[in-house]
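Input: a single structure, listed below in structure tokens.
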Amino acid sequence: MCATVCSAESAATVASYRCRIVEHYWVNQRYKYIRLESDAPLAPITRPGQFYQLNCPATTEAQPFLLRPMSVYGAGPEAGRIEFLYNVTGVGTRAMATLPVDGHMDIVGPLGNTFTFAPSFRRVLLVARGVGLATMAPLVHQAAEAGAGITAVMSARTPGDLMEKEFLRGATAEVHSVFDSDGTSSVEAVEALLRRILAEQRPDAVYTCGSHRLLMLLQRVLQDHPAVLAEVAMEQRMACGMGVCLSCVRMFNCDGDKQFLRVCREGPVFRIREVVGEVEFG
Ligand SMILES: Cc1cc2nc3c(=O)[nH]c(=O)nc-3n(C[C@H](O)[C@H](O)[C@H](O)COP(=O)(O)OP(=O)(O)OC[C@H]3O[C@@H](n4cnc5c(N)ncnc54)[C@H](O)[C@@H]3O)c2cc1C
């Protein structure tokens, strides 16, 4: 059996919610922030790592068919407040980007499980790339509230893509930024950085999201640190988001037993050590 990553225990509250758009603006050239307000108390039932399926609107240019999965970027302090940070990339998110403030959007959730976090953790290491920072921002908040030290390795194409302020949202962390543009995000450079942080800081837990390459690198370097809890939030293409269509299955190594698990239902958070990177057939 695969290790059970924290269940969010909110399956009974999964529902469709009609929300009012309170804020909606560009954070940089590719990412938009949207803040929704629901009459239902969504913040208390939404956990870090969970996601919602968003009903993107039909426009004259595009009619998005499926709902789009999006991690919760923030929830609360008001009970009805939910935030997302999203990359405007394809049909659905381009249509979503046109939604006006005071308009409405339907969302379904909260879906999936949550990161494992213990109040006894003294230090955590977060490794984020791209939109992975939206998924892990609530974890930054949780760790900061618990008084845990936070070390973040943030990877981006260029300094303009980094969004450090949006990631930390006022929390204090030791941040190591690495970029494609100057070569500091190369596997060799990041491996040396991660090995040094793990050896010197001995974090209780390591979390990652947003890059398969960083995930595989962490899996390798963590072999020398078997006691460290290590989790990844996976962003697999998915359709229903509720475990029915099976389009998001991935293979995991559960104590030597290879199993297909649904990212939407058994995840999206999994143990880094159990992810199978390359699937071998035959
Ligand atoms: C659990 C989860 C959390 C996510 N959180 C965020 C987030 O916080 N911010 C953010 O910007 N993006 C996030 N993504 C990725 C986001 O769902 C896709 O970027 C988005 O669906 C693209 O839709 P589109 O119509 O604009 O693009 P298109 O490429 O036109 O999408 C076509 C279809 O592919 C699916 N799809 C496309 N890319 C992805 C992807 N990377 N992952 C999963 N499905 C995809 C869409 O759902 C849609 O059904 C998340 C994905 C998952 C699975």
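All residue names refer to the structure tokens as shown: chains lettered A, B, ... in order, residues numbered from 1 in each chain, ligands numbered from 1 in order.
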| request: Grab me every residue within 9 Å of ligand 1, counting only C-alpha atoms and all ligand atoms, and send it over as an NGL selection string. | output: :A and (31-32 or 49-54 or 56 or 64-73 or 84-96 or 111-112 or 130-136 or 210 or 233-241 or 248 or 263-264 or 267-269)
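Using only C-alpha atoms, the shortest contact distance between A:Ala205 and any of A:Leu139, A:Met163, A:Met105, A:Leu168 is found at A:Leu139.
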| request: Would you kindly return, as a count of residues only, each protein, DNA or RNA residue with an atom no farther than 10 Å from any atom of A:Arg81, considering only C-alpha atoms and excluding same-chain residues fewer than 4 positions away? | output: 17
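Atom to atom, atom CA of A:Val153 and atom CA of A:Asn253 stand 26.3 Å apart.
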| message | Given only C-alpha atoms as the basis, pick out the residue of A:Asn55, A:Thr172, A:Gln201, A:Asn28 nearest to A:Arg123. | response | A:Gln201
| query | Just asking: which residues within stretch 73-144 of chain A are strand (DSSP E or B) according to DSSP, as a count of residues only? | reply | 24
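Separating atom CA of A:Leu217 from atom CA of A:Val249 is a distance of 21.8 Å.
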| query | What gap, in Å, lies between atom CA of A:Val175 and atom CA of A:Met154? | reply | 7.1 Å
| Which of stretch 140-241 of chain A fall in alpha helix (DSSP H), as a ChimeraX atom specification | /A:140-145,164-168,187-201,212-221
